[in-house]
Every structure is written in structure tokens, then in C-alpha cells.
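> Sending over start-v4.cif (mmCIF, C-alpha atoms and all ligand atoms).
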```cif
data_upload
loop_
_atom_site.label_atom_id
_atom_site.label_comp_id
_atom_site.auth_asym_id
_atom_site.auth_seq_id
_atom_site.Cartn_x
_atom_site.Cartn_y
_atom_site.Cartn_z
CA MET A 1 60.57 42.50 -59.33
CA ASP A 2 58.43 40.13 -61.37
CA GLY A 3 55.50 39.64 -59.05
CA THR A 4 55.55 36.20 -57.49
CA PRO A 5 51.97 35.04 -56.82
CA ASP A 6 51.15 33.56 -53.39
CA GLU A 7 48.84 30.60 -52.90
CA ARG A 8 45.82 32.92 -53.12
CA GLY A 9 46.93 34.47 -56.42
CA ILE A 10 48.01 37.81 -54.94
CA LEU A 11 51.09 39.15 -56.70
CA HIS A 12 53.98 40.38 -54.56
CA PHE A 13 56.59 42.84 -55.75
CA LEU A 14 59.39 43.69 -53.35
CA LEU A 15 60.84 47.12 -53.89
CA THR A 16 64.27 47.36 -52.33
CA GLY A 17 65.91 50.72 -51.94
CA LYS A 18 69.13 51.87 -50.33
CA LYS A 19 67.50 52.35 -46.94
CA GLU A 20 64.02 50.87 -46.94
CA HIS A 21 62.24 48.11 -48.73
CA TYR A 22 58.53 47.55 -49.03
CA LEU A 23 55.99 45.29 -50.61
CA ILE A 24 53.58 46.09 -53.41
CA GLU A 25 50.65 43.66 -53.41
CA VAL A 26 48.45 43.40 -56.48
CA GLY A 27 45.20 41.52 -56.80
CA GLU A 28 41.47 41.67 -57.34
CA GLY A 29 39.52 42.61 -54.23
CA ILE A 30 42.58 42.76 -51.97
CA LEU A 31 41.33 45.85 -50.15
CA PHE A 32 38.65 43.65 -48.63
CA ASP A 33 40.84 40.67 -47.84
CA GLU A 34 39.76 39.04 -44.57
CA ASP A 35 42.54 36.47 -44.53
CA GLU A 36 44.83 36.60 -41.52
CA SER A 37 47.83 36.72 -43.83
CA SER A 38 46.53 39.91 -45.50
CA LEU A 39 48.74 42.96 -45.39
CA LEU A 40 46.47 44.90 -43.04
CA ALA A 41 46.03 41.91 -40.74
CA ARG A 42 49.82 41.69 -40.51
CA PHE A 43 50.08 45.38 -39.57
CA GLN A 44 47.30 44.80 -37.02
CA GLN A 45 49.34 41.97 -35.49
CA GLU A 46 52.23 44.45 -35.20
CA GLY A 47 49.96 46.66 -33.09
CA ILE A 48 48.82 49.21 -35.68
CA ASP A 49 45.08 49.52 -35.13
CA ARG A 50 44.38 53.19 -35.76
CA TYR A 51 43.99 54.34 -39.36
CA ALA A 52 43.38 57.64 -41.12
CA LEU A 53 41.93 57.01 -44.55
CA ILE A 54 42.68 59.92 -46.88
CA THR A 55 40.64 59.86 -50.09
CA ASP A 56 38.71 62.11 -52.47
CA HIS A 57 34.93 62.42 -52.76
CA ASN A 58 34.67 60.30 -55.95
CA VAL A 59 36.77 57.45 -54.61
CA LYS A 60 35.09 57.68 -51.20
CA ARG A 61 31.72 57.13 -52.87
CA GLU A 62 32.91 54.24 -55.04
CA TRP A 63 35.28 52.49 -52.61
CA GLY A 64 36.16 54.49 -49.49
CA ASP A 65 32.86 54.08 -47.62
CA ALA A 66 32.84 50.31 -48.08
CA PHE A 67 36.55 50.10 -47.24
CA SER A 68 36.24 52.09 -44.01
CA LYS A 69 33.28 49.88 -42.96
CA PHE A 70 35.40 46.83 -43.72
CA LEU A 71 38.27 48.15 -41.57
CA ILE A 72 35.90 48.86 -38.69
CA ARG A 73 34.51 45.32 -38.96
CA GLN A 74 38.10 44.08 -38.59
CA GLY A 75 38.23 45.85 -35.22
CA LEU A 76 40.26 48.84 -36.40
CA GLU A 77 39.66 52.48 -35.55
CA VAL A 78 39.24 54.57 -38.68
CA SER A 79 38.92 58.28 -39.45
CA VAL A 80 37.96 59.15 -43.01
CA LEU A 81 39.33 62.41 -44.43
CA SER A 82 38.03 63.27 -47.89
CA ILE A 83 39.16 66.03 -50.23
CA GLU A 84 37.69 67.62 -53.37
CA PRO A 85 38.75 65.55 -56.38
CA GLY A 86 41.18 67.08 -58.84
CA GLU A 87 44.61 68.62 -59.26
CA HIS A 88 43.47 71.94 -57.74
CA SER A 89 43.32 70.18 -54.35
CA LYS A 90 47.04 69.32 -54.42
CA THR A 91 48.07 72.36 -52.39
CA LEU A 92 49.74 73.26 -49.10
CA GLN A 93 46.36 74.50 -47.85
CA THR A 94 44.82 71.04 -48.33
CA ALA A 95 47.87 69.43 -46.70
CA GLU A 96 47.52 71.78 -43.72
CA LYS A 97 43.82 71.05 -43.44
CA LEU A 98 44.47 67.32 -43.50
CA ALA A 99 47.22 67.64 -40.86
CA ASN A 100 44.86 69.58 -38.59
CA GLN A 101 42.21 66.90 -39.06
CA LEU A 102 44.75 64.21 -38.14
CA ALA A 103 45.47 66.10 -34.91
CA GLU A 104 41.74 66.48 -34.17
CA HIS A 105 41.35 62.74 -34.61
CA HIS A 106 44.28 62.13 -32.21
CA CYS A 107 46.39 60.40 -34.82
CA SER A 108 49.90 59.75 -33.57
CA ARG A 109 53.03 57.94 -34.70
CA ASP A 110 51.27 54.66 -33.88
CA SER A 111 48.61 55.46 -36.47
CA MET A 112 48.81 54.60 -40.13
CA ILE A 113 47.69 56.79 -43.00
CA ILE A 114 46.16 55.06 -46.01
CA GLY A 115 45.98 57.11 -49.20
CA LEU A 116 43.06 55.64 -51.18
CA GLY A 117 42.75 57.31 -54.58
CA GLY A 118 44.53 58.48 -57.69
CA GLY A 119 47.84 60.30 -57.91
CA VAL A 120 46.47 63.49 -56.36
CA VAL A 121 45.41 61.71 -53.17
CA GLY A 122 48.61 59.63 -53.16
CA ASP A 123 50.96 62.62 -53.52
CA LEU A 124 49.07 64.58 -50.86
CA ALA A 125 48.60 61.75 -48.37
CA GLY A 126 52.25 60.72 -48.78
CA PHE A 127 53.37 64.30 -48.23
CA VAL A 128 51.24 64.68 -45.10
CA ALA A 129 52.50 61.31 -43.80
CA SER A 130 56.10 62.43 -44.36
CA SER A 131 55.66 65.62 -42.32
CA TYR A 132 52.95 65.06 -39.72
CA MET A 133 54.77 64.49 -36.39
CA ARG A 134 57.96 64.34 -38.51
CA GLY A 135 56.66 61.27 -40.29
CA ILE A 136 54.09 58.56 -39.60
CA PRO A 137 53.57 55.22 -41.36
CA TYR A 138 51.83 55.27 -44.68
CA ILE A 139 50.17 52.86 -47.12
CA HIS A 140 49.38 53.70 -50.74
CA ALA A 141 46.12 52.22 -52.01
CA PRO A 142 46.13 53.49 -55.61
CA THR A 143 42.81 53.41 -57.45
CA SER A 144 43.58 55.01 -60.83
CA LEU A 145 45.59 53.22 -63.50
CA LEU A 146 48.10 56.07 -63.45
CA ALA A 147 48.53 55.78 -59.70
CA GLN A 148 48.86 51.98 -59.88
CA VAL A 149 51.56 51.98 -62.55
CA ASP A 150 53.29 55.25 -61.80
CA SER A 151 52.69 57.60 -58.87
CA SER A 152 52.45 54.96 -56.10
CA ILE A 153 55.94 53.69 -56.96
CA GLY A 154 59.11 55.58 -56.19
CA GLY A 155 58.34 57.53 -53.04
CA LYS A 156 57.87 60.99 -54.51
CA THR A 157 55.31 63.01 -52.57
CA GLY A 158 54.34 66.63 -52.75
CA VAL A 159 52.00 69.45 -53.62
CA ASN A 160 51.87 72.17 -56.26
CA LEU A 161 52.87 75.78 -55.74
CA GLU A 162 51.65 78.76 -57.74
CA ALA A 163 55.09 78.75 -59.36
CA GLY A 164 54.58 75.23 -60.72
CA LYS A 165 53.51 71.62 -60.30
CA ASN A 166 55.06 69.35 -57.65
CA LEU A 167 57.47 72.02 -56.43
CA PHE A 168 57.00 71.35 -52.71
CA GLY A 169 57.49 67.87 -51.33
CA SER A 170 59.81 65.12 -50.27
CA PHE A 171 60.97 61.61 -50.99
CA HIS A 172 59.14 59.37 -48.51
CA GLN A 173 58.75 55.64 -49.12
CA PRO A 174 55.47 54.01 -48.06
CA HIS A 175 55.28 51.00 -45.71
CA ALA A 176 53.41 49.09 -48.38
CA VAL A 177 51.35 49.53 -51.54
CA LEU A 178 47.99 47.81 -51.78
CA THR A 179 46.91 47.76 -55.41
CA ASP A 180 43.38 46.49 -55.87
CA ILE A 181 42.74 45.89 -59.56
CA SER A 182 38.96 45.84 -59.00
CA THR A 183 38.99 49.58 -58.32
CA LEU A 184 39.69 50.14 -62.03
CA THR A 185 36.15 48.96 -62.85
CA THR A 186 34.77 52.34 -61.74
CA LEU A 187 37.54 54.46 -63.24
CA PRO A 188 36.28 56.70 -66.09
CA GLU A 189 37.54 55.72 -69.56
CA LYS A 190 39.52 58.94 -70.03
CA GLU A 191 41.46 58.14 -66.85
CA ILE A 192 42.22 54.64 -68.17
CA ARG A 193 43.74 56.26 -71.27
CA ASN A 194 45.79 58.58 -69.07
CA GLY A 195 47.39 55.59 -67.39
CA LEU A 196 47.86 53.81 -70.72
CA ALA A 197 49.96 56.73 -71.98
CA GLU A 198 52.51 56.06 -69.20
CA LEU A 199 52.44 52.35 -70.08
CA VAL A 200 53.24 53.14 -73.73
CA LYS A 201 56.20 55.14 -72.39
CA TYR A 202 57.45 52.12 -70.37
CA GLY A 203 56.94 49.93 -73.42
CA MET A 204 58.98 52.25 -75.65
CA MET A 205 61.83 52.85 -73.21
CA LEU A 206 62.06 49.59 -71.30
CA ASP A 207 59.85 46.68 -72.24
CA GLN A 208 59.18 45.53 -75.79
CA GLU A 209 56.89 42.73 -74.57
CA LEU A 210 54.74 45.25 -72.73
CA PHE A 211 54.54 47.33 -75.91
CA GLU A 212 53.40 44.32 -77.93
CA TYR A 213 50.92 43.34 -75.22
CA LEU A 214 49.48 46.87 -75.35
CA GLU A 215 49.12 46.55 -79.12
CA ARG A 216 46.97 43.46 -78.55
CA THR A 217 44.96 44.79 -75.60
CA ALA A 218 44.67 48.56 -76.19
CA LYS A 219 40.90 48.37 -76.33
CA THR A 220 40.31 45.57 -73.85
CA ARG A 221 38.93 46.37 -70.42
CA HIS A 222 38.88 43.42 -68.09
CA ALA A 223 40.60 42.31 -64.92
CA GLU A 224 43.07 39.89 -66.42
CA VAL A 225 44.38 42.54 -68.80
CA PHE A 226 44.40 45.21 -66.07
CA THR A 227 46.50 42.87 -63.90
CA GLU A 228 49.04 42.34 -66.68
CA TRP A 229 49.28 46.08 -67.43
CA VAL A 230 49.72 46.92 -63.76
CA SER A 231 52.25 44.16 -63.08
CA ARG A 232 54.38 45.13 -66.03
CA GLY A 233 54.07 48.82 -65.14
CA ILE A 234 55.19 48.17 -61.56
CA THR A 235 58.11 46.07 -62.80
CA ALA A 236 59.19 48.75 -65.29
CA LYS A 237 59.02 51.67 -62.89
CA GLY A 238 60.18 49.66 -59.86
CA THR A 239 63.27 48.43 -61.68
CA ILE A 240 64.23 51.97 -62.62
CA VAL A 241 63.61 53.68 -59.29
CA LYS A 242 65.47 51.06 -57.30
CA GLN A 243 68.54 51.74 -59.43
CA ASP A 244 68.14 55.48 -59.08
CA GLU A 245 66.14 56.52 -56.02
CA SER A 246 67.16 60.16 -56.10
CA GLU A 247 66.86 60.83 -59.84
CA GLN A 248 70.48 61.18 -60.87
CA GLY A 249 70.72 58.92 -63.93
CA ILE A 250 68.59 56.22 -65.48
CA ARG A 251 65.37 57.55 -63.92
CA ALA A 252 65.51 60.15 -66.69
CA VAL A 253 64.07 57.54 -69.08
CA LEU A 254 60.75 57.95 -67.29
CA ASN A 255 60.63 61.43 -68.78
CA TYR A 256 60.17 60.24 -72.36
CA GLY A 257 57.38 62.31 -73.92
CA HIS A 258 57.39 64.61 -70.91
CA THR A 259 59.67 67.45 -72.09
CA ILE A 260 57.32 68.36 -74.93
CA GLY A 261 54.35 66.95 -72.98
CA HIS A 262 54.85 69.36 -70.09
CA ALA A 263 55.15 72.26 -72.54
CA ILE A 264 51.82 71.19 -74.12
CA GLU A 265 50.07 70.91 -70.75
CA ALA A 266 51.24 74.36 -69.72
CA ASP A 267 50.58 75.91 -73.16
CA SER A 268 46.99 74.61 -73.08
CA GLY A 269 46.46 76.12 -69.63
CA PHE A 270 46.23 72.51 -68.33
CA GLN A 271 43.15 71.88 -70.51
CA ILE A 272 44.94 68.95 -72.19
CA PRO A 273 45.15 66.06 -69.70
CA HIS A 274 48.58 64.77 -68.73
CA GLY A 275 48.22 61.43 -70.55
CA SER A 276 47.15 63.13 -73.80
CA ALA A 277 49.96 65.67 -73.51
CA ILE A 278 52.65 63.03 -73.08
CA ALA A 279 51.15 60.92 -75.88
CA ILE A 280 51.66 63.91 -78.20
CA GLY A 281 55.04 64.49 -76.54
CA MET A 282 56.09 60.94 -77.48
CA VAL A 283 55.02 61.53 -81.08
CA TYR A 284 57.25 64.63 -81.40
CA GLU A 285 60.14 63.35 -79.27
CA GLY A 286 60.05 60.11 -81.26
CA MET A 287 60.22 62.20 -84.45
CA ILE A 288 63.32 63.95 -83.07
CA ALA A 289 64.90 60.52 -82.51
CA VAL A 290 64.04 59.56 -86.12
CA LYS A 291 65.51 62.78 -87.52
CA GLN A 292 68.67 62.26 -85.47
CA GLY A 293 69.04 58.78 -86.95
CA ILE A 294 68.54 57.12 -83.55
CA LEU A 295 65.12 55.50 -84.10
CA ASN A 296 63.90 53.66 -87.18
CA GLU A 297 60.97 55.51 -88.76
CA CYS A 298 58.84 52.32 -88.96
CA LEU A 299 59.10 51.91 -85.19
CA TRP A 300 58.07 55.52 -84.66
CA LYS A 301 55.00 54.94 -86.85
CA ARG A 302 54.20 51.78 -84.89
CA GLN A 303 54.35 53.78 -81.66
CA ASN A 304 51.98 56.36 -83.13
CA GLU A 305 49.55 53.66 -84.28
CA LEU A 306 49.40 52.30 -80.75
CA ILE A 307 48.78 55.78 -79.34
CA ALA A 308 45.94 56.29 -81.85
CA LYS A 309 44.48 52.84 -81.15
CA ILE A 310 44.27 53.65 -77.45
CA GLY A 311 42.31 56.77 -78.39
CA LEU A 312 44.97 59.25 -77.34
CA PRO A 313 45.69 62.27 -79.54
CA LEU A 314 48.77 62.55 -81.80
CA VAL A 315 48.69 66.23 -82.62
CA TYR A 316 48.59 69.52 -80.77
CA LEU A 317 48.12 72.65 -82.84
CA ASN A 318 50.68 74.95 -81.37
CA GLU A 319 52.76 78.03 -81.76
CA PRO A 320 56.18 76.30 -81.83
CA ARG A 321 58.10 79.29 -80.50
CA HIS A 322 55.89 79.48 -77.40
CA MET A 323 56.44 75.79 -76.84
CA LEU A 324 60.18 76.20 -77.20
CA ALA A 325 60.19 79.04 -74.66
CA ARG A 326 58.52 76.72 -72.17
CA MET A 327 60.92 73.88 -72.92
CA ARG A 328 63.91 76.11 -72.17
CA ARG A 329 62.72 76.07 -68.52
CA ASP A 330 62.73 72.25 -68.28
CA LYS A 331 64.69 70.93 -65.31
CA LYS A 332 66.61 68.34 -67.37
CA ASN A 333 68.39 71.05 -69.40
CA LYS A 334 72.13 71.43 -69.00
CA GLY A 335 74.45 74.24 -70.06
CA GLY A 336 71.77 76.15 -71.95
CA ASP A 337 70.85 73.22 -74.25
CA ILE A 338 67.47 71.53 -74.26
CA HIS A 339 67.95 67.91 -73.16
CA ILE A 340 65.47 65.18 -74.10
CA VAL A 341 65.39 61.42 -73.48
CA LEU A 342 64.98 59.51 -76.73
CA PRO A 343 64.07 55.94 -77.68
CA LYS A 344 66.46 53.98 -79.87
CA SER A 345 64.03 51.13 -80.47
CA ILE A 346 60.83 49.70 -79.05
CA GLY A 347 61.85 48.70 -75.53
CA ALA A 348 65.21 50.49 -75.45
CA ALA A 349 66.33 53.97 -74.48
CA HIS A 350 69.10 55.83 -76.28
CA GLN A 351 72.17 56.25 -74.12
CA VAL A 352 75.64 57.73 -74.64
CA ASN A 353 78.30 57.19 -71.94
CA LYS A 354 75.74 56.57 -69.17
CA GLU A 355 73.88 59.75 -70.19
CA TYR A 356 70.21 59.18 -70.95
CA THR A 357 69.39 62.69 -72.08
CA SER A 358 70.61 64.08 -75.39
CA PRO A 359 71.08 67.75 -76.26
CA VAL A 360 68.72 68.64 -79.09
CA SER A 361 69.10 71.82 -81.14
CA GLU A 362 66.30 74.37 -81.03
CA GLU A 363 66.19 74.29 -84.85
CA LEU A 364 65.41 70.57 -84.88
CA ILE A 365 62.74 70.95 -82.17
CA LEU A 366 61.10 73.77 -84.16
CA GLU A 367 61.28 71.75 -87.38
CA CYS A 368 59.56 68.78 -85.69
CA LEU A 369 56.87 70.86 -84.02
CA GLN A 370 56.03 72.31 -87.46
CA THR A 371 55.89 68.96 -89.26
CA PRO A 372 52.33 67.72 -89.90
CA ILE A 373 51.59 64.27 -88.46
CA ASN A 374 49.63 61.83 -90.61
CA LYS A 375 46.97 60.22 -88.51
N1 LIG A 401 54.53 60.85 -57.19
C1 LIG A 401 54.82 60.52 -58.42
O1 LIG A 401 55.86 59.90 -58.69
C2 LIG A 401 53.86 60.89 -59.52
C3 LIG A 401 54.02 60.32 -60.80
C4 LIG A 401 53.06 60.61 -61.77
C5 LIG A 401 52.01 61.46 -61.47
N2 LIG A 401 51.91 62.01 -60.22
C6 LIG A 401 50.80 62.90 -59.87
O2 LIG A 401 49.58 62.16 -59.98
C7 LIG A 401 48.52 63.07 -60.23
C8 LIG A 401 47.64 62.49 -61.31
O3 LIG A 401 47.09 61.28 -60.85
P1 LIG A 401 45.72 60.69 -61.43
O4 LIG A 401 45.78 60.73 -62.91
O5 LIG A 401 45.44 59.44 -60.72
O6 LIG A 401 44.69 61.84 -61.04
P2 LIG A 401 43.58 61.97 -59.88
O7 LIG A 401 44.09 61.54 -58.58
O8 LIG A 401 43.06 63.36 -60.00
O9 LIG A 401 42.48 60.93 -60.37
C9 LIG A 401 41.80 61.17 -61.59
C10 LIG A 401 40.28 61.17 -61.39
O10 LIG A 401 39.86 59.84 -61.24
C11 LIG A 401 39.06 59.70 -60.05
N3 LIG A 401 39.28 58.35 -59.58
C12 LIG A 401 40.43 57.78 -59.13
N4 LIG A 401 40.26 56.48 -58.91
C13 LIG A 401 38.96 56.20 -59.21
C14 LIG A 401 38.19 55.01 -59.21
N5 LIG A 401 38.73 53.83 -58.90
N6 LIG A 401 36.90 55.10 -59.57
C15 LIG A 401 36.35 56.29 -59.94
N7 LIG A 401 37.04 57.44 -60.00
C16 LIG A 401 38.33 57.39 -59.62
C17 LIG A 401 39.53 60.81 -59.14
O11 LIG A 401 38.55 61.17 -58.21
C18 LIG A 401 39.81 61.93 -60.15
O12 LIG A 401 38.61 62.58 -60.47
C19 LIG A 401 49.17 64.39 -60.62
O13 LIG A 401 49.03 65.29 -59.55
C20 LIG A 401 50.63 64.04 -60.84
O14 LIG A 401 51.49 65.12 -60.53
C21 LIG A 401 52.81 61.73 -59.25
ZN ZN A 402 53.69 61.33 -66.57
#
```
Give the structure from this file in C-alpha cells form.


Amino acid sequence: MDGTPDERGILHFLLTGKKEHYLIEVGEGILFDEDESSLLARFQQEGIDRYALITDHNVKREWGDAFSKFLIRQGLEVSVLSIEPGEHSKTLQTAEKLANQLAEHHCSRDSMIIGLGGGVVGDLAGFVASSYMRGIPYIHAPTSLLAQVDSSIGGKTGVNLEAGKNLFGSFHQPHAVLTDISTLTTLPEKEIRNGLAELVKYGMMLDQELFEYLERTAKTRHAEVFTEWVSRGITAKGTIVKQDESEQGIRAVLNYGHTIGHAIEADSGFQIPHGSAIAIGMVYEGMIAVKQGILNECLWKRQNELIAKIGLPLVYLNEPRHMLARMRRDKKNKGGDIHIVLPKSIGAAHQVNKEYTSPVSEELILECLQTPINK
């Protein structure tokens, strides 16, 4: 999983699962790779020459129009389907609309869907690919940092229901992931920070070197650094999901910061972005680990300094009892207790007898939520 570069400097990560395996390719400008060994050229040689490019209006403007022209120049047939940007588009209605458009464009099982965009496009396009004609081939082309290091890896697809986020979907692995680092040059700064929050999580739970690299590069924005962040993010998440494709055990570590983070997102009426919410979630969940004697306080402070350096918030002014009520509904809970994944060090998750979640008393959660954080 460590990204062997080929002779042209493109990094290759092979994700092997129980049933399928697929390649993640990472590089600058690889969407527009004309080489005959490029991923799309190889699919073309296998006879796939009809593509449906699913994207959103922002990404279409920045990258999608040029990419579809490029595909046409390569002799491929391309239909471009673009959705409104934003989480509110991740619905069954949008999925149905996209499926109808695929039918209008005569897409069949010989066609390939490419999801070009952030996590919203990826989750939707993957979901549509998993269901249209009972499943057609699919390529992720993630363009946000979050999508490159998180949502394009692991095969989870789906849409939101009124009852909650991501409640309707399936596990469906893509044929390949095409991660073009250059797309990050047009990504708004707040979206970069969103992705960095997930990278801090990987650093804390899995990869001390990544954590230290983030400390050195938190404010840097250039391709070499983006490539290192993305490679290490893919390795961290890829290593976990290949051990636990269906979310039974170790995959829980990817939820660090998310138990309290999800409660913050919901409590704020989704005004606080996901990355900010989990950054604050890591501050409080880290504090729980300190108070339980699992994590050294100095390491918790170091985590918080990194979060602040990135420009993510540390504090959410909340009504702790409302937050607790939301946390009681978390899907990791067992037997009435609130279960949280906790770090034991920088780069290591706390684990007892193969269990990665720990029961935490409501009193301790309330105490932490009421403790002021020094910025
Ligand atoms: N499937 C999974 O395993 C998984 C994991 C984590 C998150 N997710 C999902 O991912 C979604 C969040 O993803 P996201 O943060 O990428 O949000 P997003 O897809 O809404 O993208 C964020 C914003 O950035 C814009 N954008 C994306 N790439 C751009 C680029 N290169 N240049 C300019 N603008 C660009 C988008 O148009 C959008 O406005 C959520 O729906 C979440 O549930 C899924
Ligand atoms: Zn997350």
C-alpha cells in the first residue's frame, strides 16, 4: 500500500479486498494523460469507449469541461451529467434523475461512469453505478482533499434520507481511482482544511510520521506537499479498509473525533462543516482519553496545537446535555453505553481485547464538554 511510482512518476496503490482489487493512481495532471499506458487508455483497449461523466457545476467549470473535451479527443463517447454542488444534492431524487439521464444517453453495462468531484459526487455517482442496470463499471476521480484521502477509498456509496446522513446506499468498489493532485489547486481553502482534519485523525490513530509531517506542512499549499498528504492518507485508510471491508472491527478507528463531531454537526443544524466538527470532536475525545489515563496530556496538547495551526476550531459552545442526547443515538453504542474510539498516543489507537471502542460514562462526557479549552 505504499505507492510505488512508475517510470513517469505516477504513484500506484493496489487496494486488495476479499473479492475485488483495484488500483488507485495518484499524480499531477493524470486526468489528462495521453500516454498509451494511462488508466483510461487501458480501459479503452479493453473495449470500454462510452463514458458518463458525473460531476457538479463547480468542478465541471474548473475541470469537467476540459476533461470531457480531452476524452472526446481520445476518441471516446462522453455524456456529461452535472448536479448542483453541495450536500443537499445527495438525495434519492438526484440519484433517480441521474439514472434517468443515463438511460436517455443509452448508457449500458459496457459504459463506464466516472465520478469527478468531491465526496458528494463520489457517493452519488458510486451509488448510481452500483444500482443502474444492477451495476455498471465505475471510476472515482476525486477532486477535493477529503475525497482524495477519505471518501474515494473503501467502497461506501450512498445518499442521505430525511432521517439522517448516508442512510441509503451500498458497498460497491470502483474499478479504479484516478487521483489528480492538480485539481487541488482550485479547491477553496476551507475545503483544504476539511480534508486536513481527516488527515490529523489518521495521524493520531495510525501514522505518527504523517502527524509530524502535518506539523511541518500545515500551512503549505503546493503539489509536492499535497502528494505526500494524499499518499499517506490513501495508505492509512486503505490499510484499514482492506483489513475490515464491512466495518466490523478495526475500521472503527476511522471514527476518532466523529462521535462528538457528528453531535456537533447536528446540533449546529449542519452550519459547522464536517472537518471543523471533527476537529473539535478530536479535542474533546482526546480529553476523554487523557482523563481516562489512556493518553498523555502533552500529546493531547500537541494534537490541539496542530488543529489550531491548520486553522480549524478547537471549541464549540454547546449545551452539553443536548449533545449527550445526540450521542446516545450513535451507531457505535453497545448495550446502552456510549462507545468512543480513543487514541493512546500519536499514531496509535487504544485497544482492549481486539475492541477499538471504549465505553465512556455520561458523567465523564459531560465533564469534558463543560471544560474550557485553552487556545
Ligand atoms: N463514502 C465514504 O466513505 C465517505 C467518507 C467521508 C465522507 N463522505 C461524504 O463526502 C461528502 C463530503 O465530501 P467533500 O468534502 O468533498 O464535499 P463536496 O463534494 O460537497 O465538495 C466540497 C465543495 O468543493 C467543491 N469542489 C470539489 N472539488 C473542487 C475543485 N477541485 N475545485 C473547486 N471546487 C471543488 C465542490 O463543488 C463543493 O462545493 C459528504 O457527503 C460525506 O458524507 C463519504
Ligand atoms: Zn469524517

> Residues up to 6 Å from ligand LIG 401 (chain A), counting only C-alpha atoms and all ligand atoms: could you list those as a VMD selection string?

chain A and resid 56 58 to 59 85 to 87 117 to 121 123 143 to 144 146 to 147 150 to 151 154 156 to 157 183 to 184 186 to 187

> Which chains and residue numbers are within 8 Å of ligand ZN 402 (chain A), counting all atoms listed in the file, if I want them as JSON, numbers by chain?

{"A": [150, 198, 254, 255, 258, 274, 275, 278]}

> Looking at A:Gly233, A:Asn100, A:Thr91, A:Asp65, which one is nearest to Ala163 of chain A, with distances taken over all atoms listed in the file?

A:Thr91

> Between atom CA of Thr235 of chain A and atom CA of Gly115 of chain A, measure the distance and give it in Å to one decimal.

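Distance between the two atoms: 21.3 Å.
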
> So that I can see what lies close to Lys301 of chain A, please list as an MDAnalysis selection string the residues with an atom at most 12 Å from it, counting only C-alpha atoms and leaving out residues fewer than 4 positions away in the same chain.

chainID A and resid 282:284 286:287 290 295:297 305:308 314 345:346 373:375

> With only C-alpha atoms as the basis for distance, which of A:Asp180, A:Glu228, A:Asp110, A:Asp49 is at the shortest distance from Leu199 of chain A?

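The shortest atom-to-atom distance to Leu199 of chain A comes from A:Glu228.
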
> Quick check, in Å to one decimal: how far apart do atom CA of Glu28 of chain A and atom CA of Glu7 of chain A lie?

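Atom CA of Glu7 of chain A lies at a distance of 14.0 Å from atom CA of Glu28 of chain A.
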
> For atom CA of Leu214 of chain A and atom CA of Tyr316 of chain A, determine how far apart the two atoms are, in Å to one decimal place.

23.3 Å

> Kindly output segment 35-52 of chain A as a PDB file, in the frame of the given file, after building N, CA and C atoms.


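Generated output (selection-v4.pdb):
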```
ATOM      1  N   ASP A  35      41.603  37.518 -44.931  1.00  0.00           N
ATOM      2  CA  ASP A  35      42.540  36.470 -44.530  1.00  0.00           C
ATOM      3  C   ASP A  35      43.537  37.001 -43.485  1.00  0.00           C
ATOM      4  N   GLU A  36      43.921  36.114 -42.573  1.00  0.00           N
ATOM      5  CA  GLU A  36      44.830  36.600 -41.520  1.00  0.00           C
ATOM      6  C   GLU A  36      46.245  36.859 -42.024  1.00  0.00           C
ATOM      7  N   SER A  37      46.505  36.412 -43.271  1.00  0.00           N
ATOM      8  CA  SER A  37      47.830  36.720 -43.830  1.00  0.00           C
ATOM      9  C   SER A  37      47.785  38.015 -44.659  1.00  0.00           C
ATOM     10  N   SER A  38      46.617  38.695 -44.684  1.00  0.00           N
ATOM     11  CA  SER A  38      46.530  39.910 -45.500  1.00  0.00           C
ATOM     12  C   SER A  38      47.462  40.977 -44.928  1.00  0.00           C
ATOM     13  N   LEU A  39      47.796  41.909 -45.778  1.00  0.00           N
ATOM     14  CA  LEU A  39      48.740  42.960 -45.390  1.00  0.00           C
ATOM     15  C   LEU A  39      48.258  43.726 -44.150  1.00  0.00           C
ATOM     16  N   LEU A  40      46.971  44.109 -44.170  1.00  0.00           N
ATOM     17  CA  LEU A  40      46.470  44.900 -43.040  1.00  0.00           C
ATOM     18  C   LEU A  40      46.402  44.068 -41.767  1.00  0.00           C
ATOM     19  N   ALA A  41      46.060  42.784 -41.931  1.00  0.00           N
ATOM     20  CA  ALA A  41      46.030  41.910 -40.740  1.00  0.00           C
ATOM     21  C   ALA A  41      47.434  41.805 -40.141  1.00  0.00           C
ATOM     22  N   ARG A  42      48.443  41.769 -41.016  1.00  0.00           N
ATOM     23  CA  ARG A  42      49.820  41.690 -40.510  1.00  0.00           C
ATOM     24  C   ARG A  42      50.206  42.967 -39.766  1.00  0.00           C
ATOM     25  N   PHE A  43      49.798  44.124 -40.294  1.00  0.00           N
ATOM     26  CA  PHE A  43      50.080  45.380 -39.570  1.00  0.00           C
ATOM     27  C   PHE A  43      49.345  45.399 -38.234  1.00  0.00           C
ATOM     28  N   GLN A  44      48.102  44.850 -38.251  1.00  0.00           N
ATOM     29  CA  GLN A  44      47.300  44.800 -37.020  1.00  0.00           C
ATOM     30  C   GLN A  44      48.036  43.948 -35.959  1.00  0.00           C
ATOM     31  N   GLN A  45      48.598  42.824 -36.429  1.00  0.00           N
ATOM     32  CA  GLN A  45      49.340  41.970 -35.490  1.00  0.00           C
ATOM     33  C   GLN A  45      50.555  42.706 -34.918  1.00  0.00           C
ATOM     34  N   GLU A  46      51.089  43.667 -35.710  1.00  0.00           N
ATOM     35  CA  GLU A  46      52.230  44.450 -35.200  1.00  0.00           C
ATOM     36  C   GLU A  46      51.778  45.570 -34.269  1.00  0.00           C
ATOM     37  N   GLY A  47      50.470  45.673 -34.047  1.00  0.00           N
ATOM     38  CA  GLY A  47      49.960  46.660 -33.090  1.00  0.00           C
ATOM     39  C   GLY A  47      49.429  47.935 -33.711  1.00  0.00           C
ATOM     40  N   ILE A  48      49.382  48.008 -35.049  1.00  0.00           N
ATOM     41  CA  ILE A  48      48.820  49.210 -35.680  1.00  0.00           C
ATOM     42  C   ILE A  48      47.318  49.007 -35.834  1.00  0.00           C
ATOM     43  N   ASP A  49      46.530  49.738 -35.027  1.00  0.00           N
ATOM     44  CA  ASP A  49      45.080  49.520 -35.130  1.00  0.00           C
ATOM     45  C   ASP A  49      44.306  50.826 -35.272  1.00  0.00           C
ATOM     46  N   ARG A  50      45.050  51.904 -35.571  1.00  0.00           N
ATOM     47  CA  ARG A  50      44.380  53.190 -35.760  1.00  0.00           C
ATOM     48  C   ARG A  50      44.747  53.719 -37.147  1.00  0.00           C
ATOM     49  N   TYR A  51      43.743  53.951 -37.962  1.00  0.00           N
ATOM     50  CA  TYR A  51      43.990  54.340 -39.360  1.00  0.00           C
ATOM     51  C   TYR A  51      43.342  55.679 -39.690  1.00  0.00           C
ATOM     52  N   ALA A  52      44.020  56.470 -40.509  1.00  0.00           N
ATOM     53  CA  ALA A  52      43.380  57.640 -41.120  1.00  0.00           C
ATOM     54  C   ALA A  52      43.325  57.372 -42.612  1.00  0.00           C
TER      55      ALA A  52
END
```
